[in-house]
Amino acid sequence: MFEFLFKYPGAVFQKGHLVLLAPWPLWTFALGVIAAGALLLWHVRRHRGLLTGARPTVIWLLETAMVALLLFLLWHPAISIATLRPQQNVVAVMVDDSRSMAIRDGSPTRSAQAATVLDHNLLAALGEKFQVRLYRFGKDPERIQKTAQLTAAEPASRIGDSLDQVLAESSTLPLGAVVLLSDGADNSGGIDLDTISQIRRRHIPVHTIGFGREKPEKDVEISDVVLPAHALADSRLSALVTFRQYGYAGQKALLGVRDGSKLLASREVQLKGDGAPQSEPLLFSAGMPGPKTLEVTIDPLPGEENRGNNSLRRLVNVESRKPRILYIEGEPRWEFKFIRRAAEDDRSLQLASMLRTTQNKIYRQGFTDPHELEDGFPNKPEELFAFDGLVIGSVEANYFTQTQQDLIRDFADRRGGGVLFLGGRFALADGGYQHSPLAELLPVTLPASTSTFHRDFAGQELTAQGRASLICRLLEDPERNAVRWTKMPQLANYNEAGEPKPGAVELLDVVPSGRRRMPLLVTENYGHGRTVVFATSGSWRWRMWQDHTDTTHATFWQQLMRYLVSDSPTQVTGSTARTVLSDETKVTLHATVKDKAFKPVPNAVVEAHIVGPDGTSSTVELTPQPLEEGAYTAGWSADKPGSYVSEIVAGRGKDEIGRDVVIFRREDGVAENFHTSQNRELLQKLANETGGRYYTASDAGRLADEISYSEAGITTRETKDLWDMPVVFLLALLLRGSEWILRRRWGVV
Amino acid sequence: MEDDPVPVPPDAYEKTEWAFTRLKYPSGVHASVFGQIGSWPTDYPKADRQFVQGVRRLTRIHTRSSEQVVDLDSDEVFNWPWLYAVEVGHWSLTDAECAKLREYLLRGGFFMCDDFHGSGEWNVFLESIKRVFPDRPIVEIDNQDPIFHVLYDLKDRVQVPGIQYWYTGRIWEKDGKTPHWRAIYDDEGRVIVAICFNQDNGDAWEWADHPRYPERYTSQAYRMGINYILYAMTH
């Protein structure tokens, strides 16, 4: 229809630009329209006869529009457009040959549909005008001669990489356009901006033809699982599982996490509406130390089309280290005793405590070296930074010297440790912290006044953020957990902690009888570390007022202390950008190396000892990053699928600075099971960004004509007349016809 | 039974972290010596209040000047994780009280008992405590145990006599010539019941202000009591 009215395909108007071929300048056209309008205005006013009200204006507008149209045609409008010269240009036709193209979608396979489109008309039509180079691609492109060579068996598809390679291969050829036939299921997660920019610089339009249903009829797919890369032994972990479903809205599905064949946890979830992304946490214990490959699954539902996308693997390094926490307490109190007991029950934590029993005596517990800190609270970074966490109890701020206060700030900021401030009669505002440099560290703005400590029983309540927090998770089910908190015994006392700072997270509130609720447990990230306020010293009643078999007090404190230290870095920390390499071999190992004062070490010798899935080992040296002091990297190739364990060791001279373990896994052919629906959005974006067009299989027949209009390759510029477009005559007829009909209706003909 | 009444101090009802918590227990068939009152208030309240003065002066424990009396019939005991009982050679706990005391100790409470002497009173003590913990042994506390070192080093200890010493010149009572510092431990190796047998720390606290009561006994009793409190608040 468009082409009938406008004489040319839409691509002509999209890619060409309007020109006026008459020799007169454009302003003369504007002047002519104004003059004609004025003349007609005079004419209509003089001969308006029975025309009243707005009717003369309507007649004047229609006549002026008609004259303007005639003048426009006199100025000879045309479209100037670049077109590819016949038989002098190359068109690359790239066909996705990955396994997802073998999906039937209730009809012939996507690959067969693509072959049909190519064989029935497209290749022949393109061949009449261009030299056609046919490629199939998965991870890499490969030149083929005919569609019969398509296998739809490649384990992965990388559209961006393949386009890159085809463009590079054709850099010396007059490449006029690329035609890409695909379902858009790209395993690398999309096409990067660099690739698109490169195509745009060469002005090569990529025309895309999409295959496959845009959404399945019956399927559940896990799209992501977020898990920490490392964890402490026995700690509670939360896997945030994101999935979406089609055809099962409102039904129940079973979410599970497995370590090998051992089911660690499972939970029934109710599925949301079709296509709606749904995220659910799944809690489980990290268990014993060691590298673990965890598989998160949704049990297949009846009639599910694709069961290969019901599970995802993630790697977690359960560390054998036992982070150390230093607890300084200013006075004997029950909270101290029960915190110590909770920590002693946790085999993944070491709690060393310093308690001021008298004015001049400090009772130390939990120190393996009897001389460590025997002179009191640390004065040097290497003494304090040997710990991963710090708990400050009922201790006045001015108990610490200026040097020690600076150290505490650096402990969180530079060392990346966690600092927990407890409540108490010498703590928080009553300890003068609001007037000390340590106020900056606190996640709350303390009240200006003192007398904020109250020895009155008070209840506690979970906040909305507390419901989602692992610290406050006493029971795995969120609803049962919230109910459990309502049944906790009252606290023995509380502090008025002020208001949470912007960016802080309020997890628990204290609810004193007859008073407004106040923040009780607040956390915040500070520098490289984190700080916490727990504004009470009365949680020991959770222990004394519940059955001796109840573990909620210990669970809470162990989770709080693990939160404090689990992300505290060691002197040497290793990492990779991704722990699962999907159909990739290249991995970059990163390491940061710091001394005991946690300052970067620029001249360390850093090596990674990598053990592969078949037990073979290799060593690679990490080299310093020029722009980041203390950072080291190395590239490495994981040649075989499976899990790899890399121990990164840093040293200086004969002294070892530290070591860390990094795990990663290469998986081949798994990613192709995911995102199997047609990714129309990606194909349209690729076409739009490069000046091409997106086609469906049914309208791909037009492609052969429209592909000619391109700035790439060897082109010639054509000028196409517009004056004889049928739409022009229709418009003229409409204008005159409208005036005649109106005059007839108004009785002034 | 109050030996030397003292006035109620002005801050008697201050809310504090710790208070001297005295167990009010029934003496039952063993109440003949004490009539209807029972043996639980022996030295009460002077010993309690005088000892607390020492706790205040010598430690950073926040405490009030008066004692707290609790029994095992209500749950109030769970608000006071340190508990003292005197003359337990005359106590007679009911089964319900034994169960309550067991639960209290397993939750984290600490129980110090004192001022009972000789094999006869030991057997009476056993009759109830064995119903509290039928399977946990009563053992001598090793000299190296932290309970003797948490604040004061109490490796060299002496028998602390009651005020009968004034009249008899003997530091022991009945056939209890040898003092024992015994304990029941929990599964983690922590003292949960501290048993001061053949000694009378309560009298040493109560008569600390009396010139006839030897200072060396008072000093040890204060140090022992403070160590037991600090141990209870740290282990």
# chains A, B, ... in the order shown; residues from 1 in each chain; ligands from 1
call {"tool": "residues_around", "arguments": {"residues": "stretch 69-75 of chain A", "least_positions_apart": "5", "cutoff": "10 Å", "atoms": "only C-alpha atoms", "output": "list of chain:residue names"}}
result
A:Val19, A:Leu20, A:Leu21, A:Ala22, A:Pro23, A:Trp24, A:Pro25, A:Leu26, A:Thr28, A:Phe29, A:Ala30, A:Gly32, A:Val33, A:Ala36, A:Glu63, A:Thr64, A:Leu722, A:Trp723, A:Asp724, A:Val728, A:Phe729, A:Leu731, A:Ala732, A:Leu735
call {"tool": "residues_around", "arguments": {"residues": "stretch 199-201 of chain B", "least_positions_apart": "6", "cutoff": "10 Å", "atoms": "only C-alpha atoms", "output": "PyMOL selection string"}}
result
chain B and resi 47+51+86-87+113-118+158-163+171-173+176-181+207+217-222+224-225
call {"tool": "write_last_selection", "arguments": {"atoms": "C-alpha atoms", "output": "PDB file, in the first residue's frame"}}
result
ATOM      1  CA  ALA B  47      25.968 -10.146 103.947  1.00  0.00           C
ATOM      2  CA  PHE B  51      29.460  -7.771  99.792  1.00  0.00           C
ATOM      3  CA  VAL B  86      23.211 -20.274 101.490  1.00  0.00           C
ATOM      4  CA  GLU B  87      22.818 -23.219 103.863  1.00  0.00           C
ATOM      5  CA  CYS B 113      26.053 -22.142  96.936  1.00  0.00           C
ATOM      6  CA  ASP B 114      27.754 -21.635 100.236  1.00  0.00           C
ATOM      7  CA  ASP B 115      27.793 -22.231 103.964  1.00  0.00           C
ATOM      8  CA  PHE B 116      27.133 -25.900 104.456  1.00  0.00           C
ATOM      9  CA  HIS B 117      29.352 -28.248 106.336  1.00  0.00           C
ATOM     10  CA  GLY B 118      30.058 -31.884 107.004  1.00  0.00           C
ATOM     11  CA  VAL B 158      42.190 -21.158 103.026  1.00  0.00           C
ATOM     12  CA  GLN B 159      39.087 -22.408 104.794  1.00  0.00           C
ATOM     13  CA  VAL B 160      36.797 -19.444 105.533  1.00  0.00           C
ATOM     14  CA  PRO B 161      34.978 -19.971 108.843  1.00  0.00           C
ATOM     15  CA  GLY B 162      31.614 -18.710 110.077  1.00  0.00           C
ATOM     16  CA  ILE B 163      31.266 -16.630 113.202  1.00  0.00           C
ATOM     17  CA  ILE B 171      37.493 -22.817 111.529  1.00  0.00           C
ATOM     18  CA  TRP B 172      35.435 -25.872 110.659  1.00  0.00           C
ATOM     19  CA  GLU B 173      31.965 -27.041 111.577  1.00  0.00           C
ATOM     20  CA  GLY B 176      33.806 -30.578 107.628  1.00  0.00           C
ATOM     21  CA  LYS B 177      37.460 -30.018 108.386  1.00  0.00           C
ATOM     22  CA  THR B 178      38.564 -29.787 104.747  1.00  0.00           C
ATOM     23  CA  PRO B 179      37.277 -26.988 102.556  1.00  0.00           C
ATOM     24  CA  HIS B 180      36.187 -27.868  99.024  1.00  0.00           C
ATOM     25  CA  TRP B 181      35.672 -25.709  95.987  1.00  0.00           C
ATOM     26  CA  TRP B 207      31.074  -9.638 109.494  1.00  0.00           C
ATOM     27  CA  TYR B 217      39.100 -14.608 105.685  1.00  0.00           C
ATOM     28  CA  THR B 218      37.073 -11.602 104.624  1.00  0.00           C
ATOM     29  CA  SER B 219      39.575 -10.749 101.900  1.00  0.00           C
ATOM     30  CA  GLN B 220      39.438 -14.217 100.426  1.00  0.00           C
ATOM     31  CA  ALA B 221      35.638 -14.328 100.610  1.00  0.00           C
ATOM     32  CA  TYR B 222      35.336 -11.031  98.773  1.00  0.00           C
ATOM     33  CA  MET B 224      36.225 -15.471  95.756  1.00  0.00           C
ATOM     34  CA  GLY B 225      32.762 -13.934  95.397  1.00  0.00           C
TER      35      GLY B 225
END
call {"tool": "interface_residues", "arguments": {"of": "chain B", "to": "chain A", "cutoff": "9 Å", "atoms": "only C-alpha atoms", "output": "number ranges by chain"}}
result
B: 15-18, 58-62, 75, 78-81, 103-109, 150-151, 230, 232-235
call {"tool": "residues_around", "arguments": {"residues": "B:Pro7", "least_positions_apart": "6", "cutoff": "12 Å", "atoms": "only C-alpha atoms", "output": "mmCIF file with N, CA and C atoms, in the first residue's frame"}}
result
data_model
loop_
_atom_site.group_PDB
_atom_site.id
_atom_site.type_symbol
_atom_site.label_atom_id
_atom_site.label_comp_id
_atom_site.auth_asym_id
_atom_site.auth_seq_id
_atom_site.Cartn_x
_atom_site.Cartn_y
_atom_site.Cartn_z
ATOM 1 N N PRO B 45 19.885 -9.422 105.307
ATOM 2 C CA PRO B 45 20.463 -8.998 104.022
ATOM 3 C C PRO B 45 21.854 -8.386 104.177
ATOM 4 N N LYS B 46 22.389 -8.433 105.415
ATOM 5 C CA LYS B 46 23.619 -7.682 105.634
ATOM 6 C C LYS B 46 24.778 -8.224 104.788
ATOM 7 N N ARG B 49 24.399 -6.987 101.219
ATOM 8 C CA ARG B 49 24.631 -5.552 101.001
ATOM 9 C C ARG B 49 26.082 -5.179 101.278
ATOM 10 N N GLN B 50 26.681 -5.860 102.219
ATOM 11 C CA GLN B 50 28.071 -5.543 102.524
ATOM 12 C C GLN B 50 29.006 -6.052 101.427
ATOM 13 N N SER B 65 22.733 -1.345 95.540
ATOM 14 C CA SER B 65 23.238 -1.639 96.866
ATOM 15 C C SER B 65 22.402 -2.681 97.604
ATOM 16 N N SER B 66 21.260 -3.011 97.073
ATOM 17 C CA SER B 66 20.451 -4.007 97.779
ATOM 18 C C SER B 66 20.345 -5.281 96.954
#
call {"tool": "select_by_dssp", "arguments": {"residues": "stretch 37-142 of chain B", "states": "helix (DSSP H, G or I)", "output": "PyMOL selection string"}}
result
chain B and resi 46-58+76-79+88-90+95-107+118-132
call {"tool": "write_last_selection", "arguments": {"atoms": "N, CA and C atoms", "output": "tab-separated table (two decimals), in the first residue's frame"}}
result
chain	number	residue	atom	x	y	z
B	46	LYS	N	22.39	-8.43	105.41
B	46	LYS	CA	23.62	-7.68	105.63
B	46	LYS	C	24.78	-8.22	104.79
B	47	ALA	N	24.87	-9.57	104.74
B	47	ALA	CA	25.97	-10.15	103.95
B	47	ALA	C	25.88	-9.68	102.50
B	48	ASP	N	24.67	-9.71	101.98
B	48	ASP	CA	24.45	-9.33	100.58
B	48	ASP	C	24.89	-7.88	100.35
B	49	ARG	N	24.40	-6.99	101.22
B	49	ARG	CA	24.63	-5.55	101.00
B	49	ARG	C	26.08	-5.18	101.28
B	50	GLN	N	26.68	-5.86	102.22
B	50	GLN	CA	28.07	-5.54	102.52
B	50	GLN	C	29.01	-6.05	101.43
B	51	PHE	N	28.66	-7.22	100.90
B	51	PHE	CA	29.46	-7.77	99.79
B	51	PHE	C	29.35	-6.87	98.55
B	52	VAL	N	28.14	-6.38	98.30
B	52	VAL	CA	27.92	-5.54	97.12
B	52	VAL	C	28.77	-4.27	97.18
B	53	GLN	N	28.99	-3.78	98.40
B	53	GLN	CA	29.86	-2.58	98.52
B	53	GLN	C	31.25	-2.88	97.97
B	54	GLY	N	31.71	-4.11	98.26
B	54	GLY	CA	33.02	-4.51	97.74
B	54	GLY	C	33.00	-4.67	96.23
B	55	VAL	N	31.93	-5.25	95.75
B	55	VAL	CA	31.81	-5.43	94.30
B	55	VAL	C	31.86	-4.08	93.60
B	56	ARG	N	31.17	-3.13	94.18
B	56	ARG	CA	31.15	-1.77	93.60
B	56	ARG	C	32.53	-1.13	93.63
B	57	ARG	N	33.20	-1.29	94.74
B	57	ARG	CA	34.46	-0.59	94.93
B	57	ARG	C	35.58	-1.21	94.11
B	58	LEU	N	35.52	-2.53	93.96
B	58	LEU	CA	36.66	-3.23	93.39
B	58	LEU	C	36.50	-3.59	91.91
B	76	GLU	N	10.89	-15.25	87.34
B	76	GLU	CA	11.69	-14.06	87.59
B	76	GLU	C	13.19	-14.38	87.63
B	77	VAL	N	13.52	-15.60	88.04
B	77	VAL	CA	14.93	-15.98	88.15
B	77	VAL	C	15.67	-15.81	86.83
B	78	PHE	N	14.92	-15.90	85.70
B	78	PHE	CA	15.59	-15.80	84.39
B	78	PHE	C	16.06	-14.38	84.08
B	79	ASN	N	15.64	-13.43	84.89
B	79	ASN	CA	16.17	-12.07	84.72
B	79	ASN	C	17.48	-11.86	85.49
B	88	VAL	N	22.68	-24.62	101.90
B	88	VAL	CA	22.00	-25.61	101.05
B	88	VAL	C	22.08	-27.03	101.64
B	89	GLY	N	22.73	-27.12	102.78
B	89	GLY	CA	22.67	-28.39	103.52
B	89	GLY	C	21.34	-28.59	104.20
B	90	HIS	N	20.44	-27.63	104.01
B	90	HIS	CA	19.10	-27.75	104.59
B	90	HIS	C	18.00	-27.59	103.56
B	95	ASP	N	10.42	-31.23	92.84
B	95	ASP	CA	10.82	-31.66	91.49
B	95	ASP	C	10.67	-30.51	90.49
B	96	ALA	N	9.61	-29.72	90.64
B	96	ALA	CA	9.38	-28.60	89.73
B	96	ALA	C	10.50	-27.57	89.88
B	97	GLU	N	10.93	-27.36	91.13
B	97	GLU	CA	12.01	-26.39	91.34
B	97	GLU	C	13.33	-26.92	90.79
B	98	CYS	N	13.53	-28.22	90.93
B	98	CYS	CA	14.75	-28.81	90.34
B	98	CYS	C	14.76	-28.62	88.83
B	99	ALA	N	13.62	-28.85	88.23
B	99	ALA	CA	13.54	-28.69	86.76
B	99	ALA	C	13.77	-27.24	86.37
B	100	LYS	N	13.22	-26.31	87.15
B	100	LYS	CA	13.40	-24.89	86.85
B	100	LYS	C	14.88	-24.50	86.99
B	101	LEU	N	15.51	-25.00	88.06
B	101	LEU	CA	16.92	-24.67	88.26
B	101	LEU	C	17.79	-25.28	87.13
B	102	ARG	N	17.45	-26.49	86.72
B	102	ARG	CA	18.20	-27.11	85.63
B	102	ARG	C	18.06	-26.27	84.36
B	103	GLU	N	16.84	-25.87	84.03
B	103	GLU	CA	16.61	-25.07	82.84
B	103	GLU	C	17.37	-23.74	82.93
B	104	TYR	N	17.32	-23.14	84.11
B	104	TYR	CA	18.02	-21.87	84.35
B	104	TYR	C	19.52	-22.02	84.05
B	105	LEU	N	20.09	-23.09	84.55
B	105	LEU	CA	21.54	-23.29	84.39
B	105	LEU	C	21.88	-23.61	82.93
B	106	LEU	N	21.04	-24.39	82.28
B	106	LEU	CA	21.34	-24.76	80.89
B	106	LEU	C	21.16	-23.57	79.95
B	107	ARG	N	20.32	-22.63	80.33
B	107	ARG	CA	20.15	-21.43	79.50
B	107	ARG	C	21.33	-20.47	79.64
B	118	GLY	N	30.10	-30.50	106.54
B	118	GLY	CA	30.06	-31.88	107.00
B	118	GLY	C	29.28	-32.81	106.09
B	119	SER	N	29.48	-34.08	106.32
B	119	SER	CA	28.92	-35.10	105.44
B	119	SER	C	27.39	-35.13	105.48
B	120	GLY	N	26.83	-34.84	106.63
B	120	GLY	CA	25.37	-34.86	106.73
B	120	GLY	C	24.74	-33.81	105.83
B	121	GLU	N	25.23	-32.59	105.92
B	121	GLU	CA	24.66	-31.53	105.08
B	121	GLU	C	24.99	-31.75	103.60
B	122	TRP	N	26.15	-32.34	103.36
B	122	TRP	CA	26.49	-32.66	101.96
B	122	TRP	C	25.45	-33.61	101.36
B	123	ASN	N	25.05	-34.59	102.16
B	123	ASN	CA	24.08	-35.55	101.64
B	123	ASN	C	22.73	-34.88	101.38
B	124	VAL	N	22.38	-33.94	102.26
B	124	VAL	CA	21.12	-33.21	102.03
B	124	VAL	C	21.24	-32.39	100.74
B	125	PHE	N	22.38	-31.74	100.59
B	125	PHE	CA	22.60	-30.96	99.37
B	125	PHE	C	22.48	-31.87	98.13
B	126	LEU	N	23.12	-33.02	98.20
B	126	LEU	CA	23.09	-33.95	97.07
B	126	LEU	C	21.67	-34.38	96.72
B	127	GLU	N	20.88	-34.55	97.72
B	127	GLU	CA	19.53	-35.09	97.49
B	127	GLU	C	18.74	-34.21	96.50
B	128	SER	N	18.94	-32.88	96.59
B	128	SER	CA	18.25	-32.00	95.63
B	128	SER	C	19.06	-31.79	94.35
B	129	ILE	N	20.36	-31.56	94.50
B	129	ILE	CA	21.14	-31.20	93.30
B	129	ILE	C	21.21	-32.39	92.33
B	130	LYS	N	21.10	-33.60	92.86
B	130	LYS	CA	21.12	-34.76	91.96
B	130	LYS	C	19.82	-34.89	91.18
B	131	ARG	N	18.79	-34.24	91.68
B	131	ARG	CA	17.56	-34.20	90.89
B	131	ARG	C	17.62	-33.07	89.86
B	132	VAL	N	18.49	-32.10	90.13
B	132	VAL	CA	18.72	-31.05	89.12
B	132	VAL	C	19.53	-31.64	87.96
call {"tool": "atom_distance", "arguments": {"atom1": "atom CA of A:Phe243", "atom2": "atom CA of A:Asp224"}}
result
6.9 Å
call {"tool": "residues_around", "arguments": {"residues": "A:Gly424", "least_positions_apart": "6", "cutoff": "9 Å", "atoms": "only C-alpha atoms", "output": "MDAnalysis selection string"}}
result
chainID A and resid 393:395 430:431 453:454 493:495 535:538
call {"tool": "write_last_selection", "arguments": {"atoms": "C-alpha atoms", "output": "PDB file, in the first residue's frame"}}
result
ATOM      1  CA  GLY A 393      30.833  -2.352  73.743  1.00  0.00           C
ATOM      2  CA  SER A 394      30.079  -0.055  76.642  1.00  0.00           C
ATOM      3  CA  VAL A 395      33.243   1.984  76.252  1.00  0.00           C
ATOM      4  CA  ASP A 430      25.936   8.230  76.471  1.00  0.00           C
ATOM      5  CA  GLY A 431      29.549   7.433  75.675  1.00  0.00           C
ATOM      6  CA  PHE A 453      20.319   4.555  77.791  1.00  0.00           C
ATOM      7  CA  HIS A 454      17.241   3.036  79.431  1.00  0.00           C
ATOM      8  CA  ASN A 493      17.443  -2.340  77.832  1.00  0.00           C
ATOM      9  CA  TYR A 494      17.957  -0.036  74.876  1.00  0.00           C
ATOM     10  CA  ASN A 495      19.680   3.130  73.716  1.00  0.00           C
ATOM     11  CA  ALA A 535      21.517  -0.176  70.255  1.00  0.00           C
ATOM     12  CA  THR A 536      21.044  -2.459  73.225  1.00  0.00           C
ATOM     13  CA  SER A 537      22.999  -4.563  75.685  1.00  0.00           C
ATOM     14  CA  GLY A 538      19.954  -6.575  76.553  1.00  0.00           C
TER      15      GLY A 538
END
call {"tool": "closest_residue", "arguments": {"among": "B:Ile192, B:Asp142, B:Arg212, B:Arg182", "to": "B:Tyr165", "atoms": "only C-alpha atoms"}}
result
B:Arg212
call {"tool": "atom_distance", "arguments": {"atom1": "atom CA of A:Ala177", "atom2": "atom CA of A:Glu584"}}
result
28.9 Å
call {"tool": "select_by_dssp", "arguments": {"residues": "stretch 70-307 of chain A", "states": "strand (DSSP E or B)", "output": "PyMOL selection string"}}
result
chain A and resi 77-84+90-96+98+131-137+141-144+154+175-182+206-210+219-226+230-232+236-246+252-259+262-270+278-285+290-298
call {"tool": "atom_distance", "arguments": {"atom1": "atom CA of A:Ile657", "atom2": "atom CA of A:Pro569"}}
result
13.4 Å
call {"tool": "decode", "arguments": {"residues": "stretch 49-70 of chain B", "atoms": "N, CA and C atoms", "output": "mmCIF file, in the first residue's frame"}}
result
data_model
loop_
_atom_site.group_PDB
_atom_site.id
_atom_site.type_symbol
_atom_site.label_atom_id
_atom_site.label_comp_id
_atom_site.auth_asym_id
_atom_site.auth_seq_id
_atom_site.Cartn_x
_atom_site.Cartn_y
_atom_site.Cartn_z
ATOM 1 N N ARG B 49 24.399 -6.987 101.219
ATOM 2 C CA ARG B 49 24.631 -5.552 101.001
ATOM 3 C C ARG B 49 26.082 -5.179 101.278
ATOM 4 N N GLN B 50 26.681 -5.860 102.219
ATOM 5 C CA GLN B 50 28.071 -5.543 102.524
ATOM 6 C C GLN B 50 29.006 -6.052 101.427
ATOM 7 N N PHE B 51 28.656 -7.222 100.896
ATOM 8 C CA PHE B 51 29.460 -7.771 99.792
ATOM 9 C C PHE B 51 29.349 -6.874 98.553
ATOM 10 N N VAL B 52 28.142 -6.377 98.297
ATOM 11 C CA VAL B 52 27.917 -5.540 97.121
ATOM 12 C C VAL B 52 28.767 -4.271 97.180
ATOM 13 N N GLN B 53 28.987 -3.776 98.399
ATOM 14 C CA GLN B 53 29.859 -2.583 98.522
ATOM 15 C C GLN B 53 31.250 -2.878 97.972
ATOM 16 N N GLY B 54 31.712 -4.106 98.259
ATOM 17 C CA GLY B 54 33.021 -4.507 97.740
ATOM 18 C C GLY B 54 32.997 -4.675 96.233
ATOM 19 N N VAL B 55 31.928 -5.250 95.752
ATOM 20 C CA VAL B 55 31.814 -5.434 94.296
ATOM 21 C C VAL B 55 31.865 -4.080 93.599
ATOM 22 N N ARG B 56 31.166 -3.125 94.178
ATOM 23 C CA ARG B 56 31.150 -1.773 93.598
ATOM 24 C C ARG B 56 32.534 -1.131 93.625
ATOM 25 N N ARG B 57 33.197 -1.286 94.744
ATOM 26 C CA ARG B 57 34.462 -0.587 94.926
ATOM 27 C C ARG B 57 35.583 -1.214 94.106
ATOM 28 N N LEU B 58 35.520 -2.527 93.962
ATOM 29 C CA LEU B 58 36.665 -3.234 93.389
ATOM 30 C C LEU B 58 36.505 -3.587 91.907
ATOM 31 N N THR B 59 35.319 -3.435 91.368
ATOM 32 C CA THR B 59 35.110 -3.798 89.952
ATOM 33 C C THR B 59 34.330 -2.700 89.237
ATOM 34 N N ARG B 60 34.167 -2.878 87.918
ATOM 35 C CA ARG B 60 33.357 -1.942 87.127
ATOM 36 C C ARG B 60 31.933 -2.483 86.909
ATOM 37 N N ILE B 61 31.561 -3.473 87.717
ATOM 38 C CA ILE B 61 30.200 -4.010 87.573
ATOM 39 C C ILE B 61 29.193 -2.975 88.063
ATOM 40 N N HIS B 62 28.192 -2.722 87.250
ATOM 41 C CA HIS B 62 27.142 -1.789 87.631
ATOM 42 C C HIS B 62 26.131 -2.542 88.485
ATOM 43 N N THR B 63 26.095 -2.208 89.774
ATOM 44 C CA THR B 63 25.217 -2.939 90.681
ATOM 45 C C THR B 63 24.512 -1.989 91.635
ATOM 46 N N ARG B 64 23.409 -2.402 92.122
ATOM 47 C CA ARG B 64 22.700 -1.619 93.132
ATOM 48 C C ARG B 64 23.106 -2.110 94.521
ATOM 49 N N SER B 65 22.733 -1.345 95.540
ATOM 50 C CA SER B 65 23.238 -1.639 96.866
ATOM 51 C C SER B 65 22.402 -2.681 97.604
ATOM 52 N N SER B 66 21.260 -3.011 97.073
ATOM 53 C CA SER B 66 20.451 -4.007 97.779
ATOM 54 C C SER B 66 20.345 -5.281 96.954
ATOM 55 N N GLU B 67 19.974 -6.340 97.632
ATOM 56 C CA GLU B 67 19.886 -7.650 97.022
ATOM 57 C C GLU B 67 18.557 -7.843 96.292
ATOM 58 N N GLN B 68 18.482 -8.945 95.546
ATOM 59 C CA GLN B 68 17.244 -9.342 94.886
ATOM 60 C C GLN B 68 16.944 -10.760 95.351
ATOM 61 N N VAL B 69 15.759 -10.971 95.880
ATOM 62 C CA VAL B 69 15.390 -12.318 96.317
ATOM 63 C C VAL B 69 14.480 -12.938 95.259
ATOM 64 N N VAL B 70 14.822 -14.126 94.829
ATOM 65 C CA VAL B 70 13.985 -14.829 93.848
ATOM 66 C C VAL B 70 13.746 -16.256 94.325
#
